[in-house]
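S.K.: coords.cif (mmCIF, N, CA and C atoms) pasted underneath:
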```cif
data_final
loop_
_atom_site.label_atom_id
_atom_site.label_comp_id
_atom_site.auth_asym_id
_atom_site.auth_seq_id
_atom_site.Cartn_x
_atom_site.Cartn_y
_atom_site.Cartn_z
N MET J 1 -1.87 12.77 15.85
CA MET J 1 -2.43 11.58 16.46
C MET J 1 -3.11 10.69 15.44
N LYS J 2 -3.82 11.33 14.47
CA LYS J 2 -4.49 10.55 13.44
C LYS J 2 -3.49 9.82 12.56
N PHE J 3 -2.34 10.45 12.30
CA PHE J 3 -1.33 9.81 11.47
C PHE J 3 -0.83 8.52 12.11
N ILE J 4 -0.58 8.56 13.41
CA ILE J 4 -0.10 7.36 14.12
C ILE J 4 -1.18 6.27 14.09
N LEU J 5 -2.42 6.67 14.28
CA LEU J 5 -3.51 5.70 14.24
C LEU J 5 -3.65 5.08 12.84
N LYS J 6 -3.51 5.91 11.81
CA LYS J 6 -3.58 5.38 10.44
C LYS J 6 -2.43 4.43 10.15
N ILE J 7 -1.24 4.74 10.64
CA ILE J 7 -0.10 3.85 10.44
C ILE J 7 -0.33 2.52 11.15
N LEU J 8 -0.84 2.57 12.37
CA LEU J 8 -1.11 1.33 13.11
C LEU J 8 -2.21 0.50 12.45
N LEU J 9 -3.25 1.16 11.96
CA LEU J 9 -4.31 0.43 11.25
C LEU J 9 -3.77 -0.18 9.95
N SER J 10 -2.93 0.56 9.25
CA SER J 10 -2.32 0.02 8.02
C SER J 10 -1.44 -1.17 8.35
N ALA J 11 -0.72 -1.10 9.45
CA ALA J 11 0.14 -2.22 9.85
C ALA J 11 -0.69 -3.46 10.17
N ILE J 12 -1.81 -3.27 10.83
CA ILE J 12 -2.70 -4.40 11.13
C ILE J 12 -3.24 -5.01 9.84
N VAL J 13 -3.61 -4.15 8.88
CA VAL J 13 -4.09 -4.66 7.60
C VAL J 13 -2.99 -5.41 6.86
N VAL J 14 -1.76 -4.92 6.93
CA VAL J 14 -0.64 -5.61 6.29
C VAL J 14 -0.45 -7.00 6.89
N VAL J 15 -0.55 -7.10 8.21
CA VAL J 15 -0.41 -8.41 8.87
C VAL J 15 -1.54 -9.34 8.46
N ILE J 16 -2.77 -8.83 8.43
CA ILE J 16 -3.92 -9.66 8.04
C ILE J 16 -3.77 -10.14 6.60
N LEU J 17 -3.38 -9.23 5.71
CA LEU J 17 -3.22 -9.63 4.31
C LEU J 17 -2.07 -10.61 4.12
N SER J 18 -1.03 -10.50 4.95
CA SER J 18 0.06 -11.47 4.83
C SER J 18 -0.37 -12.85 5.27
N LYS J 19 -1.36 -12.93 6.16
CA LYS J 19 -1.90 -14.23 6.58
C LYS J 19 -2.83 -14.81 5.52
N ILE J 20 -3.53 -13.93 4.79
CA ILE J 20 -4.52 -14.37 3.80
C ILE J 20 -3.86 -14.71 2.45
N LEU J 21 -3.00 -13.82 1.96
CA LEU J 21 -2.42 -13.99 0.63
C LEU J 21 -1.19 -14.90 0.69
N PRO J 22 -1.10 -15.87 -0.21
CA PRO J 22 0.03 -16.80 -0.16
C PRO J 22 1.36 -16.19 -0.59
N GLY J 23 1.37 -15.14 -1.41
CA GLY J 23 2.62 -14.58 -1.91
C GLY J 23 3.17 -13.43 -1.10
N VAL J 24 2.59 -13.15 0.06
CA VAL J 24 3.00 -12.02 0.88
C VAL J 24 3.36 -12.53 2.27
N ALA J 25 4.50 -12.06 2.78
CA ALA J 25 4.95 -12.48 4.11
C ALA J 25 5.50 -11.28 4.87
N VAL J 26 5.13 -11.20 6.15
CA VAL J 26 5.66 -10.19 7.06
C VAL J 26 6.20 -10.94 8.27
N SER J 27 7.43 -10.62 8.68
CA SER J 27 8.06 -11.39 9.75
C SER J 27 7.53 -11.05 11.15
N SER J 28 7.14 -9.79 11.37
CA SER J 28 6.66 -9.41 12.70
C SER J 28 5.76 -8.17 12.59
N MET J 29 5.14 -7.84 13.70
CA MET J 29 4.30 -6.64 13.73
C MET J 29 5.14 -5.39 13.56
N TRP J 30 6.35 -5.40 14.11
CA TRP J 30 7.25 -4.26 13.94
C TRP J 30 7.59 -4.05 12.46
N SER J 31 7.81 -5.14 11.73
CA SER J 31 8.05 -5.04 10.29
C SER J 31 6.82 -4.48 9.58
N ALA J 32 5.64 -4.84 10.04
CA ALA J 32 4.41 -4.32 9.44
C ALA J 32 4.28 -2.82 9.67
N VAL J 33 4.69 -2.34 10.84
CA VAL J 33 4.66 -0.90 11.11
C VAL J 33 5.66 -0.18 10.19
N ILE J 34 6.81 -0.77 10.01
CA ILE J 34 7.80 -0.18 9.10
C ILE J 34 7.28 -0.19 7.67
N VAL J 35 6.60 -1.27 7.27
CA VAL J 35 5.99 -1.33 5.94
C VAL J 35 4.97 -0.21 5.77
N ALA J 36 4.15 0.00 6.78
CA ALA J 36 3.15 1.07 6.70
C ALA J 36 3.81 2.44 6.59
N LEU J 37 4.88 2.66 7.34
CA LEU J 37 5.60 3.94 7.25
C LEU J 37 6.26 4.13 5.88
N VAL J 38 6.90 3.09 5.38
CA VAL J 38 7.56 3.18 4.08
C VAL J 38 6.54 3.38 2.97
N LEU J 39 5.41 2.68 3.04
CA LEU J 39 4.35 2.87 2.04
C LEU J 39 3.80 4.29 2.09
N ALA J 40 3.64 4.84 3.29
CA ALA J 40 3.17 6.22 3.41
C ALA J 40 4.18 7.18 2.77
N PHE J 41 5.46 6.94 3.02
CA PHE J 41 6.50 7.79 2.43
C PHE J 41 6.52 7.67 0.91
N LEU J 42 6.50 6.42 0.40
CA LEU J 42 6.54 6.21 -1.05
C LEU J 42 5.30 6.77 -1.73
N ASN J 43 4.14 6.61 -1.10
CA ASN J 43 2.91 7.15 -1.69
C ASN J 43 2.89 8.67 -1.67
N THR J 44 3.59 9.27 -0.72
CA THR J 44 3.62 10.73 -0.64
C THR J 44 4.61 11.35 -1.62
N PHE J 45 5.79 10.74 -1.77
CA PHE J 45 6.84 11.38 -2.56
C PHE J 45 7.12 10.73 -3.91
N ILE J 46 7.05 9.43 -4.02
CA ILE J 46 7.42 8.74 -5.26
C ILE J 46 6.23 8.55 -6.19
N LYS J 47 5.08 8.19 -5.63
CA LYS J 47 3.91 7.90 -6.45
C LYS J 47 3.48 9.09 -7.32
N PRO J 48 3.45 10.33 -6.81
CA PRO J 48 3.08 11.44 -7.70
C PRO J 48 4.02 11.60 -8.90
N LEU J 49 5.31 11.33 -8.70
CA LEU J 49 6.25 11.39 -9.82
C LEU J 49 5.97 10.30 -10.84
N LEU J 50 5.69 9.09 -10.36
CA LEU J 50 5.37 8.00 -11.28
C LEU J 50 4.08 8.28 -12.05
N VAL J 51 3.10 8.84 -11.37
CA VAL J 51 1.84 9.17 -12.03
C VAL J 51 2.07 10.25 -13.09
N LEU J 52 2.90 11.22 -12.78
CA LEU J 52 3.19 12.29 -13.73
C LEU J 52 3.92 11.76 -14.96
N PHE J 53 4.91 10.89 -14.75
CA PHE J 53 5.68 10.37 -15.87
C PHE J 53 4.88 9.40 -16.74
N THR J 54 3.90 8.74 -16.16
CA THR J 54 3.11 7.76 -16.91
C THR J 54 1.71 8.27 -17.21
N LEU J 55 1.53 9.57 -17.20
CA LEU J 55 0.21 10.14 -17.42
C LEU J 55 -0.41 9.74 -18.76
N PRO J 56 0.31 9.74 -19.88
CA PRO J 56 -0.33 9.32 -21.14
C PRO J 56 -0.84 7.87 -21.09
N VAL J 57 -0.06 6.97 -20.51
CA VAL J 57 -0.50 5.58 -20.40
C VAL J 57 -1.70 5.46 -19.48
N THR J 58 -1.69 6.23 -18.41
CA THR J 58 -2.81 6.22 -17.46
C THR J 58 -4.09 6.73 -18.12
N ILE J 59 -3.97 7.76 -18.92
CA ILE J 59 -5.14 8.30 -19.61
C ILE J 59 -5.67 7.30 -20.63
N VAL J 60 -4.79 6.70 -21.42
CA VAL J 60 -5.21 5.73 -22.43
C VAL J 60 -5.87 4.51 -21.78
N SER J 61 -5.35 4.10 -20.63
CA SER J 61 -5.91 2.92 -19.95
C SER J 61 -7.08 3.27 -19.04
N LEU J 62 -7.53 4.51 -19.11
CA LEU J 62 -8.65 5.00 -18.29
C LEU J 62 -8.39 4.83 -16.80
N GLY J 63 -7.14 5.01 -16.39
CA GLY J 63 -6.77 4.98 -14.99
C GLY J 63 -6.38 3.62 -14.45
N LEU J 64 -6.51 2.58 -15.26
CA LEU J 64 -6.17 1.24 -14.77
C LEU J 64 -4.67 1.05 -14.57
N PHE J 65 -3.87 1.88 -15.22
CA PHE J 65 -2.42 1.78 -15.02
C PHE J 65 -2.01 2.17 -13.61
N LEU J 66 -2.87 2.87 -12.90
CA LEU J 66 -2.58 3.23 -11.50
C LEU J 66 -2.45 1.98 -10.63
N ILE J 67 -3.13 0.90 -11.02
CA ILE J 67 -2.98 -0.36 -10.28
C ILE J 67 -1.56 -0.88 -10.41
N ILE J 68 -0.98 -0.75 -11.60
CA ILE J 68 0.41 -1.17 -11.82
C ILE J 68 1.36 -0.28 -11.02
N ILE J 69 1.07 1.01 -10.96
CA ILE J 69 1.91 1.93 -10.17
C ILE J 69 1.84 1.56 -8.69
N ASN J 70 0.65 1.24 -8.19
CA ASN J 70 0.51 0.82 -6.80
C ASN J 70 1.30 -0.46 -6.53
N ALA J 71 1.25 -1.41 -7.47
CA ALA J 71 2.03 -2.65 -7.32
C ALA J 71 3.52 -2.36 -7.33
N ALA J 72 3.96 -1.41 -8.15
CA ALA J 72 5.37 -1.03 -8.17
C ALA J 72 5.80 -0.42 -6.83
N ILE J 73 4.91 0.36 -6.22
CA ILE J 73 5.19 0.93 -4.90
C ILE J 73 5.33 -0.19 -3.87
N ILE J 74 4.46 -1.19 -3.94
CA ILE J 74 4.54 -2.33 -3.03
C ILE J 74 5.86 -3.07 -3.22
N LEU J 75 6.26 -3.28 -4.47
CA LEU J 75 7.53 -3.97 -4.74
C LEU J 75 8.73 -3.14 -4.30
N MET J 76 8.63 -1.81 -4.37
CA MET J 76 9.70 -0.96 -3.84
C MET J 76 9.81 -1.13 -2.33
N ALA J 77 8.68 -1.17 -1.65
CA ALA J 77 8.69 -1.39 -0.21
C ALA J 77 9.30 -2.74 0.12
N ASP J 78 8.99 -3.75 -0.69
CA ASP J 78 9.58 -5.08 -0.51
C ASP J 78 11.10 -5.03 -0.64
N TYR J 79 11.58 -4.22 -1.57
CA TYR J 79 13.02 -4.10 -1.78
C TYR J 79 13.71 -3.43 -0.57
N PHE J 80 13.07 -2.44 0.02
CA PHE J 80 13.69 -1.68 1.10
C PHE J 80 13.57 -2.32 2.47
N ILE J 81 12.58 -3.19 2.67
CA ILE J 81 12.32 -3.73 4.01
C ILE J 81 12.67 -5.21 4.03
N GLY J 82 13.52 -5.58 4.99
CA GLY J 82 13.97 -6.96 5.07
C GLY J 82 12.91 -7.94 5.56
N GLY J 83 12.04 -7.54 6.44
CA GLY J 83 11.04 -8.44 7.00
C GLY J 83 9.75 -8.51 6.22
N PHE J 84 9.74 -7.97 5.00
CA PHE J 84 8.54 -7.92 4.16
C PHE J 84 8.89 -8.54 2.82
N ASN J 85 8.08 -9.51 2.38
CA ASN J 85 8.38 -10.20 1.13
C ASN J 85 7.11 -10.34 0.30
N VAL J 86 7.20 -9.93 -0.96
CA VAL J 86 6.11 -10.08 -1.92
C VAL J 86 6.67 -10.84 -3.11
N ASN J 87 6.01 -11.94 -3.46
CA ASN J 87 6.50 -12.80 -4.55
C ASN J 87 5.84 -12.44 -5.87
N GLY J 88 6.41 -11.48 -6.59
CA GLY J 88 5.98 -11.19 -7.94
C GLY J 88 4.92 -10.12 -8.08
N TRP J 89 4.65 -9.80 -9.34
CA TRP J 89 3.73 -8.73 -9.68
C TRP J 89 2.29 -9.06 -9.34
N PHE J 90 1.88 -10.31 -9.59
CA PHE J 90 0.49 -10.66 -9.32
C PHE J 90 0.16 -10.52 -7.83
N SER J 91 1.05 -10.98 -6.98
CA SER J 91 0.84 -10.84 -5.54
C SER J 91 0.84 -9.37 -5.13
N ALA J 92 1.71 -8.57 -5.75
CA ALA J 92 1.77 -7.14 -5.44
C ALA J 92 0.50 -6.43 -5.87
N ILE J 93 -0.04 -6.79 -7.04
CA ILE J 93 -1.28 -6.18 -7.52
C ILE J 93 -2.44 -6.53 -6.60
N LEU J 94 -2.55 -7.81 -6.26
CA LEU J 94 -3.63 -8.25 -5.38
C LEU J 94 -3.49 -7.62 -3.99
N PHE J 95 -2.27 -7.57 -3.47
CA PHE J 95 -2.02 -6.95 -2.16
C PHE J 95 -2.38 -5.47 -2.19
N SER J 96 -2.00 -4.75 -3.24
CA SER J 96 -2.28 -3.31 -3.29
C SER J 96 -3.78 -3.04 -3.42
N ILE J 97 -4.49 -3.87 -4.18
CA ILE J 97 -5.94 -3.68 -4.30
C ILE J 97 -6.63 -3.91 -2.96
N LEU J 98 -6.29 -5.02 -2.31
CA LEU J 98 -6.92 -5.33 -1.02
C LEU J 98 -6.53 -4.33 0.07
N LEU J 99 -5.26 -3.89 0.05
CA LEU J 99 -4.81 -2.89 1.02
C LEU J 99 -5.58 -1.59 0.84
N SER J 100 -5.77 -1.17 -0.39
CA SER J 100 -6.52 0.06 -0.65
C SER J 100 -7.96 -0.05 -0.19
N ILE J 101 -8.58 -1.20 -0.44
CA ILE J 101 -9.98 -1.39 -0.02
C ILE J 101 -10.10 -1.33 1.49
N PHE J 102 -9.24 -2.10 2.19
CA PHE J 102 -9.30 -2.12 3.65
C PHE J 102 -8.96 -0.77 4.26
N GLN J 103 -7.96 -0.08 3.69
CA GLN J 103 -7.60 1.23 4.22
C GLN J 103 -8.73 2.23 4.03
N SER J 104 -9.38 2.22 2.88
CA SER J 104 -10.47 3.18 2.70
C SER J 104 -11.64 2.91 3.63
N ILE J 105 -11.89 1.64 3.93
CA ILE J 105 -12.96 1.32 4.88
C ILE J 105 -12.57 1.80 6.28
N LEU J 106 -11.35 1.48 6.71
CA LEU J 106 -10.92 1.88 8.06
C LEU J 106 -10.76 3.38 8.20
N TYR J 107 -10.23 4.04 7.17
CA TYR J 107 -10.05 5.49 7.24
C TYR J 107 -11.39 6.22 7.22
N SER J 108 -12.38 5.65 6.56
CA SER J 108 -13.70 6.30 6.56
C SER J 108 -14.33 6.25 7.95
N ILE J 109 -13.99 5.23 8.72
CA ILE J 109 -14.48 5.15 10.09
C ILE J 109 -13.84 6.27 10.93
N LEU J 110 -12.57 6.58 10.65
CA LEU J 110 -11.87 7.61 11.42
C LEU J 110 -12.24 9.03 11.01
N LYS J 111 -12.85 9.16 9.86
CA LYS J 111 -13.14 10.49 9.35
C LYS J 111 -14.12 11.21 10.26
N GLU J 112 -13.81 12.44 10.57
CA GLU J 112 -14.66 13.25 11.43
C GLU J 112 -15.79 13.88 10.63
N ASP J 113 -16.92 14.05 11.29
CA ASP J 113 -18.04 14.76 10.66
C ASP J 113 -17.75 16.25 10.66
N LYS J 114 -17.87 16.86 9.50
CA LYS J 114 -17.63 18.30 9.38
C LYS J 114 -18.98 19.01 9.37
N LYS J 115 -19.37 19.50 10.53
CA LYS J 115 -20.66 20.18 10.65
C LYS J 115 -20.46 21.65 10.85
#
```
Any chance you could give the structure as structure tokens?
M.R.:
Amino acid sequence: MKFILKILLSAIVVVILSKILPGVAVSSMWSAVIVALVLAFLNTFIKPLLVLFTLPVTIVSLGLFLIIINAAIILMADYFIGGFNVNGWFSAILFSILLSIFQSILYSILKEDKK
């Protein structure tokens, strides 16, 4: 149940960011849900491989290269989804940073107290 709620919250954030950022467009709410699902899949399976392969660069950059990896994940989602469009690396970097911030705020609200 939490997974579905997280996907729906991510989809809402994707729609909000597409309204705010000029280089990002989502055609419908259904496309935003698909974007959230694809991003969850890519972050689960592809991102760890990218982090592993670029570990020396990530260490040298003190972790800042992870922002580039997140932008690459966003651009991969753009490639796979027809109703989602990101114009270039700068828009992808800005979108990934804002998406991460909003998701961490919303997910912290959903987090249960472990007593």
S.K.: Take the PyMOL selection byres (((chain J and resi 75 and name CA) around 10) and name CA), apply it to the structure above, and return the hits as a PyMOL selection string.
M.R.: chain J and resi 69-74+76-81+84-89+91-93+96
S.K.: Which residue out of J:Gly63, J:Pro56, J:Gly83, J:Pro48 has the minimum interatomic distance to Ala25 of chain J when all atoms listed in the file are used?
M.R.: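 Under the stated criterion, the closest residue is J:Gly83.
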S.K.: As JSON, what would the box around segment 64-69 of chain J look like: edges along x, y and z, 5 Å added on every side, centre and edge lengths in Å to one decimal?
M.R.:
```
{"center_x": -2.3, "center_y": 1.0, "center_z": -12.0, "size_x": 18.4, "size_y": 14.4, "size_z": 16.6}
```
S.K.: Based on the backbone DSSP call, show me all residues of chain J assigned strand (DSSP E), as a PyMOL selection string.
M.R.: chain J and resi 24-26+84-86
S.K.: Can you translate the PyMOL selection byres (((chain J and resi 102 and name CA) around 12) and name CA) into the concrete residues it hits in this file, as a list in words?
M.R.: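 This file gives the following for the PyMOL selection byres (((chain J and resi 102 and name CA) around 12) and name CA): Lys6, Leu9, Ser10, Ala11, Ile12, Val13, Val14, Ile16, Leu17, Phe95, Ser96, Ile97, Leu98, Leu99, Ser100, Ile101, Gln103, Ser104, Ile105, Leu106, Tyr107, Ser108 and Ile109 of chain J.
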S.K.: Check the smallest atom-to-atom distance from each of J:Leu94, J:Ile46, J:Leu66, J:Leu110 to Gly23 of chain J using only C-alpha atoms, then report the winner.
M.R.: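 The closest residue to Gly23 of chain J is J:Leu94.
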S.K.: So how far away is atom CA of Asn43 of chain J from atom CA of Leu55 of chain J, in Å?
M.R.: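 So the two atoms, atom CA of Leu55 of chain J and atom CA of Asn43 of chain J, lie 16.2 Å apart.
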S.K.: As a ChimeraX atom specification, please: all residues of chain J that backbone DSSP puts in helix (DSSP H, G or I).
M.R.: /J:2-20,29-45,47-53,55-60,65-80,88-110
S.K.: I'd like to know which of J:Phe90, J:Phe65, J:Phe53, J:Phe45 is closest to Leu21 of chain J, using only C-alpha atoms.
M.R.: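 Residue with the minimum atom-to-atom distance to Leu21 of chain J: J:Phe90.
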S.K.: May I ask for the distance between atom CA of Leu64 of chain J and atom CA of Val51 of chain J, given in Å to one decimal place?
M.R.: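 Going from atom CA of Leu64 of chain J over to atom CA of Val51 of chain J, I get 11.6 Å.
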S.K.: What gap, in Å, lies between atom CA of Ser28 of chain J and atom CA of Leu42 of chain J?
M.R.: 20.8 Å
